[in-house]
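Okay, start_34.cif now, which holds mmCIF, C-alpha atoms and all ligand atoms:
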```cif
data_data
loop_
_atom_site.label_atom_id
_atom_site.label_comp_id
_atom_site.auth_asym_id
_atom_site.auth_seq_id
_atom_site.Cartn_x
_atom_site.Cartn_y
_atom_site.Cartn_z
CA MET J 1 -8.34 13.16 -27.65
CA ARG J 2 -6.67 10.20 -26.00
CA GLY J 3 -8.75 7.06 -25.82
CA MET J 4 -9.34 5.06 -22.68
CA ILE J 5 -6.81 2.24 -22.34
CA LEU J 6 -7.59 -0.27 -19.64
CA PRO J 7 -4.60 -1.56 -17.69
CA GLU J 8 -5.89 -5.15 -17.73
CA ASN J 9 -5.65 -5.16 -21.53
CA LEU J 10 -2.00 -4.33 -21.53
CA PRO J 11 0.95 -6.62 -20.97
CA LYS J 12 3.52 -5.39 -18.45
CA ASP J 13 6.08 -4.65 -21.16
CA PHE J 14 3.66 -2.49 -23.19
CA HIS J 15 5.89 0.52 -22.60
CA LEU J 16 8.60 -1.19 -24.65
CA MET J 17 6.29 -0.82 -27.64
CA CYS J 18 6.29 2.95 -26.96
CA LYS J 19 10.05 3.28 -27.08
CA GLN J 20 9.81 6.73 -28.58
CA MET J 21 10.82 9.63 -26.42
CA LYS J 22 7.94 11.96 -25.56
CA LEU J 23 7.43 15.16 -23.64
CA ILE J 24 4.33 15.38 -21.46
CA GLY J 25 3.05 18.75 -20.31
CA PRO J 26 2.65 21.55 -19.60
CA PHE J 27 1.61 20.85 -16.00
CA SER J 28 0.71 23.84 -13.81
CA GLN J 29 2.77 22.24 -11.03
CA ILE J 30 4.90 19.14 -10.64
CA LEU J 31 5.75 17.96 -7.13
CA THR J 32 8.68 15.62 -7.62
CA MET J 33 8.86 14.35 -3.97
CA ASP J 34 12.60 14.16 -4.62
CA ASN J 35 15.26 14.81 -1.96
CA LEU J 36 12.90 14.53 1.00
CA PRO J 37 13.99 12.80 4.23
CA TYR J 38 12.77 9.26 4.76
CA LYS J 39 12.18 9.95 8.46
CA GLY J 40 10.67 12.75 10.53
CA PRO J 41 8.55 15.83 9.79
CA ILE J 42 8.53 17.54 6.38
CA GLN J 43 7.38 21.08 5.68
CA ASP J 44 5.59 21.85 2.44
CA ALA J 45 8.28 24.40 1.57
CA SER J 46 10.85 21.57 1.35
CA MET J 47 9.05 20.01 -1.60
CA HIS J 48 10.61 20.45 -5.03
CA LEU J 49 7.84 22.25 -6.93
CA ILE J 50 8.22 23.04 -10.65
CA ARG J 51 5.69 25.36 -12.32
CA ASN J 52 4.79 25.25 -16.03
CA ALA J 53 6.56 21.93 -16.00
CA GLY J 54 7.15 18.99 -18.31
CA VAL J 55 8.41 15.41 -18.09
CA ILE J 56 10.35 13.58 -20.80
CA ILE J 57 9.84 9.84 -20.81
CA GLU J 58 11.31 6.97 -22.78
CA ASP J 59 10.79 3.20 -22.40
CA GLY J 60 8.56 3.73 -19.36
CA CYS J 61 11.10 5.81 -17.43
CA ILE J 62 11.64 9.51 -16.81
CA THR J 63 14.68 10.88 -18.60
CA ASP J 64 14.23 14.57 -17.80
CA ILE J 65 11.94 16.85 -15.84
CA GLY J 66 11.83 20.65 -15.68
CA ASP J 67 10.50 23.81 -17.30
CA PHE J 68 8.13 22.87 -20.14
CA ASP J 69 9.27 25.67 -22.47
CA VAL J 70 12.92 24.73 -22.05
CA LEU J 71 12.23 21.01 -22.60
CA SER J 72 10.10 21.71 -25.67
CA THR J 73 12.92 23.47 -27.54
CA ASN J 74 13.93 19.96 -28.66
CA LYS J 75 11.75 19.80 -31.78
CA LYS J 76 12.37 16.10 -32.35
CA ILE J 77 10.35 15.08 -29.32
CA THR J 78 6.67 14.22 -29.69
CA VAL J 79 4.55 16.23 -27.28
CA GLU J 80 1.68 14.65 -25.30
CA GLU J 81 -0.16 17.84 -24.49
CA ILE J 82 -1.98 18.36 -21.19
CA PRO J 83 -5.03 20.55 -21.69
CA GLY J 84 -6.08 22.73 -18.76
CA PRO J 85 -4.70 23.07 -15.25
CA SER J 86 -2.98 20.02 -13.85
CA VAL J 87 -0.84 19.05 -10.84
CA LEU J 88 1.47 16.05 -11.31
CA LEU J 89 2.62 13.73 -8.49
CA PRO J 90 4.24 10.29 -8.39
CA GLY J 91 1.72 7.44 -8.59
CA PHE J 92 0.60 6.31 -5.13
CA VAL J 93 2.16 3.23 -3.56
CA ASP J 94 -0.20 1.42 -1.18
CA ALA J 95 2.11 -0.60 1.06
CA HIS J 96 -0.56 -2.54 2.99
CA THR J 97 -3.68 -4.18 1.55
CA HIS J 98 -5.67 -7.40 1.88
CA ILE J 99 -7.60 -7.08 -1.42
CA CYS J 100 -7.43 -10.75 -2.39
CA PHE J 101 -10.50 -12.21 -0.68
CA ALA J 102 -13.95 -13.61 -1.36
CA GLY J 103 -17.27 -12.77 0.27
CA SER J 104 -18.59 -9.77 2.15
CA ARG J 105 -18.55 -8.89 5.84
CA ALA J 106 -21.57 -6.56 5.65
CA ALA J 107 -23.25 -8.68 8.33
CA ASP J 108 -20.28 -8.08 10.72
CA TYR J 109 -20.44 -4.37 9.92
CA ALA J 110 -24.14 -4.28 10.86
CA LYS J 111 -23.27 -6.01 14.17
CA LYS J 112 -20.49 -3.47 14.80
CA ILE J 113 -22.93 -0.62 14.28
CA GLN J 114 -25.10 -2.23 16.95
CA GLY J 115 -22.18 -2.19 19.37
CA LYS J 116 -20.29 -5.50 18.95
CA THR J 117 -16.55 -5.05 18.69
CA TYR J 118 -14.23 -6.40 15.97
CA GLN J 119 -12.42 -8.43 18.63
CA GLU J 120 -15.65 -9.95 19.95
CA ILE J 121 -16.72 -11.00 16.46
CA LEU J 122 -13.29 -12.58 15.86
CA ALA J 123 -13.36 -14.40 19.23
CA GLU J 124 -16.77 -15.87 18.33
CA GLY J 125 -15.21 -17.44 15.24
CA GLY J 126 -16.45 -14.80 12.77
CA GLY J 127 -14.50 -11.91 11.28
CA ILE J 128 -11.27 -13.09 9.63
CA HIS J 129 -12.42 -16.73 10.08
CA TYR J 130 -15.52 -16.03 7.99
CA THR J 131 -13.43 -14.55 5.17
CA VAL J 132 -11.08 -17.57 5.37
CA GLU J 133 -14.10 -19.85 4.88
CA GLN J 134 -15.32 -17.83 1.89
CA THR J 135 -11.87 -17.54 0.32
CA ARG J 136 -11.13 -21.26 0.69
CA LYS J 137 -14.52 -22.08 -0.88
CA ALA J 138 -14.20 -19.66 -3.80
CA ASN J 139 -13.06 -21.04 -7.13
CA LEU J 140 -10.09 -19.35 -8.74
CA GLU J 141 -12.20 -17.47 -11.29
CA THR J 142 -14.45 -15.89 -8.62
CA LEU J 143 -11.47 -14.95 -6.45
CA LYS J 144 -9.70 -13.54 -9.49
CA GLN J 145 -12.65 -11.43 -10.61
CA GLY J 146 -13.15 -9.81 -7.22
CA THR J 147 -9.45 -9.15 -6.71
CA GLU J 148 -9.00 -7.73 -10.19
CA LYS J 149 -11.98 -5.42 -9.75
CA ARG J 150 -10.45 -3.99 -6.56
CA ILE J 151 -7.00 -3.62 -8.16
CA LEU J 152 -8.47 -1.68 -11.09
CA ARG J 153 -10.55 0.56 -8.83
CA HIS J 154 -7.45 1.34 -6.78
CA PHE J 155 -5.45 1.98 -9.95
CA SER J 156 -7.99 4.44 -11.30
CA SER J 157 -7.72 6.32 -7.97
CA GLY J 158 -4.00 6.73 -8.60
CA VAL J 159 -2.45 3.69 -6.89
CA THR J 160 0.10 2.43 -9.41
CA THR J 161 1.86 -0.06 -7.07
CA MET J 162 0.10 -2.06 -4.38
CA GLU J 163 1.12 -4.63 -1.83
CA ILE J 164 -1.36 -7.50 -1.39
CA LYS J 165 -1.28 -9.96 1.51
CA SER J 166 -2.42 -13.55 1.62
CA GLY J 167 -3.82 -14.52 5.02
CA TYR J 168 -7.30 -15.79 4.15
CA GLY J 169 -6.05 -19.26 3.19
CA LEU J 170 -4.21 -20.46 6.33
CA SER J 171 -3.40 -23.86 4.77
CA VAL J 172 -0.70 -24.81 2.27
CA VAL J 173 -3.14 -25.13 -0.61
CA ASP J 174 -5.13 -22.00 0.14
CA GLU J 175 -2.22 -19.69 1.00
CA LEU J 176 -0.55 -20.78 -2.25
CA LYS J 177 -3.81 -20.30 -4.15
CA MET J 178 -3.86 -16.66 -3.00
CA LEU J 179 -0.17 -15.97 -3.65
CA GLU J 180 -0.30 -17.68 -7.05
CA LEU J 181 -3.31 -15.61 -8.00
CA ILE J 182 -1.54 -12.37 -7.00
CA SER J 183 1.46 -13.44 -9.04
CA MET J 184 -0.76 -14.27 -12.05
CA LEU J 185 -2.52 -10.89 -11.83
CA ASN J 186 0.84 -9.18 -11.54
CA GLU J 187 1.79 -10.68 -14.91
CA GLU J 188 -1.55 -9.90 -16.53
CA ILE J 189 -2.18 -6.35 -15.36
CA ALA J 190 0.04 -3.32 -15.91
CA VAL J 191 -0.21 -2.38 -12.21
CA ASP J 192 2.67 -3.66 -10.02
CA LEU J 193 1.60 -5.98 -7.21
CA VAL J 194 3.82 -6.87 -4.24
CA PRO J 195 2.77 -10.13 -2.54
CA THR J 196 3.23 -10.69 1.21
CA CYS J 197 2.68 -14.01 2.99
CA LEU J 198 0.37 -13.42 5.95
CA ALA J 199 -0.27 -17.08 6.77
CA ALA J 200 0.23 -15.93 10.40
CA HIS J 201 -2.97 -13.86 10.32
CA VAL J 202 -4.89 -15.92 12.90
CA ARG J 203 -4.71 -19.56 13.96
CA PRO J 204 -7.07 -21.60 11.74
CA LYS J 205 -9.65 -23.85 13.39
CA GLU J 206 -7.70 -27.02 12.44
CA PHE J 207 -4.97 -26.15 14.98
CA ASP J 208 -5.30 -26.06 18.79
CA HIS J 209 -2.11 -24.16 19.62
CA ASN J 210 -0.53 -21.08 18.10
CA THR J 211 2.99 -22.48 18.28
CA ASP J 212 1.98 -25.60 16.34
CA TYR J 213 0.44 -23.48 13.63
CA LEU J 214 3.45 -21.13 13.43
CA ASP J 215 5.77 -24.16 13.20
CA PHE J 216 3.57 -25.51 10.41
CA ILE J 217 3.91 -22.22 8.49
CA LEU J 218 7.69 -22.35 8.89
CA ALA J 219 7.97 -26.00 7.90
CA ASP J 220 5.28 -26.37 5.25
CA ILE J 221 4.08 -23.03 3.86
CA LEU J 222 7.15 -20.78 3.68
CA PRO J 223 9.42 -23.36 1.96
CA GLU J 224 6.76 -23.67 -0.79
CA VAL J 225 6.53 -19.89 -1.07
CA ILE J 226 10.30 -19.81 -1.60
CA ARG J 227 10.32 -22.78 -3.99
CA LYS J 228 7.64 -21.20 -6.17
CA ASN J 229 9.11 -17.73 -5.79
CA LEU J 230 5.78 -16.29 -4.68
CA SER J 231 6.84 -13.70 -2.09
CA GLY J 232 9.85 -12.30 -0.30
CA ARG J 233 7.88 -10.79 2.55
CA VAL J 234 6.32 -12.22 5.71
CA ASP J 235 3.76 -10.55 7.98
CA ILE J 236 2.14 -11.56 11.29
CA PHE J 237 -0.83 -10.20 13.28
CA VAL J 238 0.42 -9.57 16.82
CA GLU J 239 -2.67 -9.18 18.98
CA ASP J 240 -4.62 -10.74 21.85
CA ASN J 241 -6.86 -12.83 19.57
CA ALA J 242 -4.09 -13.59 17.10
CA PHE J 243 -0.39 -14.15 18.06
CA LYS J 244 1.43 -13.13 21.24
CA PRO J 245 4.60 -11.01 21.01
CA GLU J 246 6.86 -13.91 22.19
CA GLU J 247 5.33 -16.27 19.60
CA ALA J 248 5.70 -13.67 16.89
CA GLU J 249 9.31 -12.87 17.74
CA ARG J 250 10.41 -16.48 17.43
CA PHE J 251 8.44 -16.92 14.20
CA LEU J 252 9.76 -13.74 12.61
CA MET J 253 13.39 -14.51 13.47
CA GLN J 254 13.07 -17.87 11.76
CA ALA J 255 11.33 -16.38 8.72
CA LYS J 256 14.10 -13.78 8.55
CA HIS J 257 16.66 -16.57 8.67
CA MET J 258 14.90 -18.13 5.66
CA GLY J 259 15.50 -14.88 3.77
CA PHE J 260 12.18 -13.06 4.12
CA SER J 261 11.89 -9.38 4.86
CA LEU J 262 9.48 -8.71 7.69
CA THR J 263 6.50 -6.56 8.45
CA VAL J 264 4.17 -6.71 11.45
CA HIS J 265 0.52 -5.92 12.22
CA ALA J 266 1.39 -4.09 15.43
CA ASP J 267 -0.33 -2.27 18.30
CA GLN J 268 -3.79 -2.17 16.71
CA PHE J 269 -5.73 -2.85 19.93
CA THR J 270 -2.96 -3.69 22.42
CA THR J 271 0.77 -2.94 22.47
CA GLY J 272 3.63 -5.40 22.00
CA GLY J 273 3.81 -5.64 18.23
CA ALA J 274 5.93 -2.54 17.60
CA ILE J 275 8.54 -3.77 20.08
CA VAL J 276 8.61 -7.12 18.25
CA ALA J 277 9.03 -5.32 14.91
CA ALA J 278 11.92 -3.34 16.39
CA LYS J 279 13.60 -6.41 17.92
CA THR J 280 13.35 -8.49 14.74
CA GLY J 281 14.47 -5.77 12.31
CA ALA J 282 11.17 -5.55 10.42
CA VAL J 283 10.96 -3.03 7.57
CA SER J 284 7.69 -1.69 8.93
CA ALA J 285 5.27 -1.89 11.84
CA ASP J 286 1.73 -1.29 10.63
CA HIS J 287 -1.42 0.00 12.44
CA LEU J 288 -0.02 1.58 15.68
CA GLU J 289 -3.37 2.96 16.85
CA SER J 290 -2.49 2.00 20.46
CA SER J 291 1.25 2.74 20.40
CA LYS J 292 2.78 4.57 23.35
CA ASP J 293 5.87 6.77 23.22
CA ARG J 294 8.22 3.90 24.13
CA ASP J 295 6.83 1.83 21.20
CA ILE J 296 7.35 4.69 18.78
CA LYS J 297 10.86 5.27 20.13
CA ALA J 298 11.72 1.60 19.55
CA LEU J 299 10.69 2.00 15.89
CA VAL J 300 12.74 5.16 15.46
CA ASP J 301 15.82 3.68 17.16
CA ASN J 302 15.70 0.58 14.98
CA ASP J 303 14.86 2.22 11.66
CA VAL J 304 11.49 0.53 11.36
CA ALA J 305 9.03 2.54 9.27
CA ALA J 306 5.68 3.32 10.91
CA ALA J 307 2.76 2.54 8.59
CA VAL J 308 -0.54 3.98 9.73
CA LEU J 309 -3.84 2.72 8.34
CA PRO J 310 -6.57 5.36 8.70
CA GLY J 311 -9.00 3.16 6.76
CA ALA J 312 -9.02 0.70 9.68
CA SER J 313 -9.80 3.50 12.15
CA LEU J 314 -12.68 4.66 9.94
CA GLY J 315 -13.90 1.09 9.45
CA LEU J 316 -13.82 0.29 13.17
CA ALA J 317 -14.77 3.75 14.51
CA MET J 318 -11.51 3.89 16.45
CA PRO J 319 -9.09 6.78 16.99
CA PHE J 320 -6.45 7.30 14.31
CA ALA J 321 -2.87 6.20 14.98
CA PRO J 322 -0.88 9.10 16.52
CA ALA J 323 0.67 10.07 13.18
CA ARG J 324 1.78 13.54 14.33
CA ARG J 325 3.55 12.13 17.39
CA ILE J 326 5.12 9.41 15.25
CA LEU J 327 6.58 11.97 12.83
CA ASP J 328 7.70 14.33 15.59
CA ALA J 329 9.49 11.43 17.27
CA GLY J 330 11.51 11.08 14.07
CA ALA J 331 9.91 8.02 12.45
CA GLY J 332 9.27 7.46 8.75
CA LEU J 333 5.48 7.67 8.36
CA VAL J 334 3.83 5.59 5.65
CA ILE J 335 0.08 5.85 5.00
CA ALA J 336 -1.64 2.77 3.58
CA SER J 337 -5.23 1.70 3.03
CA ASP J 338 -5.32 -1.72 4.77
CA TRP J 339 -8.20 -2.38 2.33
CA ASN J 340 -9.82 -5.59 3.58
CA PRO J 341 -13.38 -6.93 3.95
CA GLY J 342 -13.46 -6.57 7.75
CA SER J 343 -11.75 -3.63 9.39
CA ALA J 344 -11.20 -1.41 6.34
CA PRO J 345 -13.81 -2.02 3.65
CA MET J 346 -13.70 1.48 2.09
CA GLY J 347 -10.40 1.13 0.26
CA ASP J 348 -10.09 4.78 -0.77
CA LEU J 349 -6.50 5.64 0.12
CA LEU J 350 -6.61 9.33 -0.80
CA THR J 351 -9.80 9.99 1.20
CA GLN J 352 -8.36 8.18 4.21
CA ALA J 353 -5.04 10.04 3.99
CA ALA J 354 -6.83 13.40 3.60
CA LEU J 355 -8.92 12.77 6.73
CA LEU J 356 -5.87 11.61 8.69
CA SER J 357 -3.98 14.70 7.57
CA ASN J 358 -6.78 16.93 8.87
CA PHE J 359 -7.23 15.18 12.23
CA GLU J 360 -3.51 14.60 12.89
CA LYS J 361 -2.26 17.89 11.41
CA LEU J 362 0.03 16.43 8.80
CA SER J 363 1.44 18.70 6.13
CA PHE J 364 0.70 18.02 2.46
CA ALA J 365 4.32 16.90 2.08
CA GLU J 366 4.10 14.44 4.99
CA THR J 367 0.81 13.05 3.71
CA MET J 368 1.99 12.61 0.12
CA ALA J 369 5.44 11.28 1.13
CA GLY J 370 3.59 8.59 3.12
CA MET J 371 1.94 7.37 -0.08
CA THR J 372 4.85 7.91 -2.49
CA CYS J 373 8.59 7.99 -1.70
CA ARG J 374 8.33 6.66 1.87
CA ALA J 375 5.88 3.91 0.89
CA ALA J 376 8.07 2.83 -2.05
CA LYS J 377 11.08 2.57 0.26
CA VAL J 378 9.22 0.27 2.66
CA LEU J 379 8.53 -2.08 -0.25
CA GLY J 380 12.18 -1.89 -1.33
CA MET J 381 11.14 -0.26 -4.63
CA GLU J 382 13.26 2.83 -4.87
CA ASP J 383 12.70 3.06 -8.63
CA ARG J 384 9.36 4.80 -7.95
CA GLY J 385 7.57 7.17 -5.60
CA ILE J 386 9.72 10.07 -6.85
CA LEU J 387 9.62 11.92 -10.18
CA SER J 388 13.20 12.33 -11.33
CA SER J 389 15.47 11.15 -14.10
CA GLY J 390 15.86 7.34 -14.07
CA LYS J 391 12.69 6.64 -12.07
CA LEU J 392 9.63 4.84 -13.47
CA ALA J 393 7.12 7.10 -15.20
CA ASP J 394 4.33 6.16 -12.75
CA MET J 395 2.51 9.47 -12.44
CA ILE J 396 -0.88 10.91 -11.54
CA ALA J 397 -2.36 14.28 -12.58
CA PHE J 398 -5.07 16.14 -10.66
CA PRO J 399 -7.32 18.70 -12.39
CA THR J 400 -6.17 21.83 -10.53
CA ASP J 401 -3.40 24.43 -10.69
CA ASP J 402 -2.79 24.43 -6.90
CA TYR J 403 -1.67 21.25 -5.12
CA ARG J 404 -3.39 22.37 -1.90
CA GLU J 405 -6.77 21.73 -3.58
CA ILE J 406 -6.07 17.98 -3.47
CA LEU J 407 -6.32 17.53 0.32
CA TYR J 408 -8.85 20.36 0.58
CA HIS J 409 -11.35 18.22 -1.36
CA GLN J 410 -10.79 15.42 1.18
CA GLY J 411 -10.44 12.69 -1.38
CA MET J 412 -13.20 13.78 -3.76
CA MET J 413 -10.72 15.24 -6.25
CA LYS J 414 -9.34 12.17 -7.99
CA PRO J 415 -6.52 12.06 -10.52
CA GLU J 416 -7.84 12.67 -14.02
CA MET J 417 -4.89 10.96 -15.67
CA VAL J 418 -2.79 8.03 -14.46
CA TRP J 419 0.41 6.91 -16.19
CA LYS J 420 1.90 3.49 -15.53
CA ARG J 421 5.41 3.10 -16.94
CA GLY J 422 4.71 6.06 -19.21
CA VAL J 423 1.44 4.71 -20.64
CA ILE J 424 -1.59 6.88 -19.96
CA TYR J 425 -4.93 5.69 -18.64
CA ASN J 426 -7.58 8.42 -18.64
CA ASN J 427 -10.24 8.49 -15.99
O1 LIG C 501 -5.10 -5.12 9.19
N1 LIG C 501 -5.99 -6.81 11.92
C1 LIG C 501 -5.72 -7.76 11.21
N2 LIG C 501 -5.88 -7.84 9.89
C2 LIG C 501 -6.58 -6.91 9.09
C3 LIG C 501 -8.04 -7.16 9.08
C4 LIG C 501 -8.39 -8.37 8.34
C5 LIG C 501 -9.84 -8.69 8.36
O2 LIG C 501 -10.56 -8.27 9.30
O3 LIG C 501 -10.27 -9.40 7.44
C6 LIG C 501 -6.23 -5.49 9.45
O4 LIG C 501 -7.04 -4.73 9.99
FE FE C 502 -3.87 -5.22 7.67
#
```
When written as structure tokens, how does the structure in this file appear?
Ligand code: NIG
Ligand code: FE
Amino acid sequence: MRGMILPENLPKDFHLMCKQMKLIGPFSQILTMDNLPYKGPIQDASMHLIRNAGVIIEDGCITDIGDFDVLSTNKKITVEEIPGPSVLLPGFVDAHTHICFAGSRAADYAKKIQGKTYQEILAEGGGIHYTVEQTRKANLETLKQGTEKRILRHFSSGVTTMEIKSGYGLSVVDELKMLELISMLNEEIAVDLVPTCLAAHVRPKEFDHNTDYLDFILADILPEVIRKNLSGRVDIFVEDNAFKPEEAERFLMQAKHMGFSLTVHADQFTTGGAIVAAKTGAVSADHLESSKDRDIKALVDNDVAAAVLPGASLGLAMPFAPARRILDAGAGLVIASDWNPGSAPMGDLLTQAALLSNFEKLSFAETMAGMTCRAAKVLGMEDRGILSSGKLADMIAFPTDDYREILYHQGMMKPEMVWKRGVIYNN
């Protein structure tokens, strides 16, 4: 029996200590997610499915994948045997989270159940502003503990790479505190974390005008982010109570000029953000619950990936983003959790994706591509999200012999085994 190894106890280069080549299997099915288009609809029949399959890994990477019996003819390879039925997929990549925060917004949630809207709570100075207050106040150890707990919970649900935004600091000191913490956790924990600077989340109370605050981010926060090498990505919340499309466009173009890649919180309640993402050459426009056909077309025409966040719809009791229309229009659909204390407190990516798939009629392939190969591409990490020779051995195994069971259980079937760079963590 394999013992439980916790990812926080392992340095990132642990896989180098396991240099030896090993064969893992047999899996009832492996879905490699290889050779799928990055844009548009995908039918399940296009997926590369290998039955009675095995994976050979060395130094944390896949060196071969195929029929288990053929691969096991090499008697020199150690075999890590998989008992019972098992379906293997690439580890999930969650391309949009806000899991570095302090405090709870349970009180806001109770107000929302009584009929107050997210936007009303924000306009009254609560919502994001409350989490900013709590996050600024929290000492590093408290912030670290909460963030680490959420990272490990996500990891045990199969998320082996996750993006984490700042955005609850909104001052030089506090934005850097968040980004430095994410960077520290990235070194300490085997999971890969991708930091994004979301200083342009909302205007903090110390500023009277949006443009002054955006100029302050450009002049004082982003140069420090570059100097300390804390993030290569910039995000902005384009919305009525946050930043207007014209303000965002100017800000994003300047951030791009400084060398950042761009992503946008777009079209959550009102439109405008997707068009900004298209005009500024962002890698993704995220949310899109309110997007109209012309917004979706702008994304497709400009090669901007469309990241939908079903967790925010569930958290706010709002309709899902039109994922089916987005795919049929030819866009690259990414599905992310948006895990945050306000609009998306659940944080269970697989459950959210399964529900979205059912309501929006997404195939298994479209749903999984949105959390694997397509999500990895949005983060510029094409060494993962696909199981093929040369890719990272980030893999998750579900206890079934039929991949269709995974969505059928609507998120309640979790991976039983998770490998990060070839090292196994049993659930
Ligand atoms: O993606 N909408 C803006 N930002 C987050 C919510 C952050 C919060 O409410 O704390 C989102 O939904
Ligand atoms: Fe978000």
Check which residues of range 147-233 of chain J sit at most 10 Å from range 238-244 of chain J using all atoms listed in the file, and return one row each with the closest pair of atoms and their distance in Å to one decimal, ordered by chain and rising number, as CSV.
```
residue,atom,partner,partner_atom,distance
J:Ala200,CA,J:Phe243,CA,7.9
J:His201,CA,J:Ala242,CA,6.9
J:Val202,CA,J:Ala242,CA,4.9
J:Arg203,CA,J:Ala242,CA,6.8
J:Asn210,CA,J:Phe243,CA,6.9
J:Thr211,CA,J:Phe243,CA,9.0
J:Leu214,CA,J:Phe243,CA,9.2
```
Please enclose the listed atoms of ligand LIG 501 (chain C) in an axis-aligned box, pad each side by 5 Å, and write out the centre and the three edge lengths in Å, rounded to one decimal, as AutoDock Vina command-line options.
```
--center_x -7.8 --center_y -7.1 --center_z 9.7 --size_x 15.5 --size_y 14.7 --size_z 14.5
```
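Neighbouring residues of ligand FE 502 (chain C) at a cut-off of 7 Å, counting all atoms listed in the file, are His96, Thr97, His98, His265 and Asp338 of chain J.
Minimum atom-to-atom distances from J:Gly167, J:Gly91, J:Pro322, J:Gly330 to ligand LIG 501 (chain C) were compared using all atoms listed in the file, and the lowest value belongs to J:Gly167.
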- Collect all residues with atoms no farther than 6 Å from ligand LIG 501 (chain C), counting all atoms listed in the file, and output them as a VMD selection string. chain J and resid 127 to 128 237 312 338 340 to 343
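Counting all atoms listed in the file, Val264 in chain J has the following residues at most 8 Å away, ignoring those fewer than 3 positions along the same chain: Asp235, Ile236, Phe237, Val238, Gly273, Ala274, Ala277, Ala282, Ser284, Ala285 and Asp286 of chain J.
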- Message: Taking 3 positions as the minimum chain separation for residues in the same chain, which residues sit within 9 Å of Glu148 in chain J when counting only C-alpha atoms? Answer as JSON, numbers by chain.
- Response: {"J": [8, 99, 100, 143, 144, 145, 151, 152, 153, 185, 189]}
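The interatomic distance for the pair CA of Pro41 in chain J and CA of Asn302 in chain J works out to 17.6 Å.
Picture a line from CA of Lys279 in chain J to CA of Val304 in chain J; it runs 9.8 Å.
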Can you complete the atoms of range 140-154 of chain J to N, CA and C atoms and list them as a compact mmCIF listing (two decimals), in the coordinates of the input?
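Here's the written file out_0.txt:
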```
# COMPACT_ATOMS: atom_id res chain seq x y z
N LEU J 140 -11.13 -20.32 -8.35
CA LEU J 140 -10.09 -19.35 -8.74
C LEU J 140 -10.68 -18.19 -9.54
N GLU J 141 -11.65 -18.50 -10.42
CA GLU J 141 -12.20 -17.47 -11.29
C GLU J 141 -12.94 -16.41 -10.46
N THR J 142 -13.70 -16.84 -9.47
CA THR J 142 -14.45 -15.89 -8.62
C THR J 142 -13.48 -15.03 -7.83
N LEU J 143 -12.45 -15.68 -7.25
CA LEU J 143 -11.47 -14.95 -6.45
C LEU J 143 -10.73 -13.94 -7.33
N LYS J 144 -10.43 -14.40 -8.55
CA LYS J 144 -9.70 -13.54 -9.49
C LYS J 144 -10.54 -12.32 -9.87
N GLN J 145 -11.80 -12.55 -10.18
CA GLN J 145 -12.65 -11.43 -10.61
C GLN J 145 -12.75 -10.34 -9.54
N GLY J 146 -13.00 -10.78 -8.32
CA GLY J 146 -13.15 -9.81 -7.22
C GLY J 146 -11.85 -9.05 -6.97
N THR J 147 -10.75 -9.78 -6.99
CA THR J 147 -9.45 -9.15 -6.71
C THR J 147 -9.09 -8.16 -7.81
N GLU J 148 -9.33 -8.59 -9.05
CA GLU J 148 -9.00 -7.73 -10.19
C GLU J 148 -9.84 -6.45 -10.18
N LYS J 149 -11.10 -6.59 -9.82
CA LYS J 149 -11.98 -5.42 -9.75
C LYS J 149 -11.44 -4.41 -8.74
N ARG J 150 -10.98 -4.90 -7.59
CA ARG J 150 -10.45 -3.99 -6.56
C ARG J 150 -9.12 -3.36 -7.01
N ILE J 151 -8.28 -4.16 -7.67
CA ILE J 151 -7.00 -3.62 -8.16
C ILE J 151 -7.27 -2.48 -9.14
N LEU J 152 -8.22 -2.71 -10.06
CA LEU J 152 -8.47 -1.68 -11.09
C LEU J 152 -9.12 -0.43 -10.50
N ARG J 153 -9.95 -0.63 -9.49
CA ARG J 153 -10.55 0.56 -8.83
C ARG J 153 -9.47 1.38 -8.14
N HIS J 154 -8.55 0.67 -7.48
CA HIS J 154 -7.45 1.34 -6.78
C HIS J 154 -6.57 2.07 -7.80
```
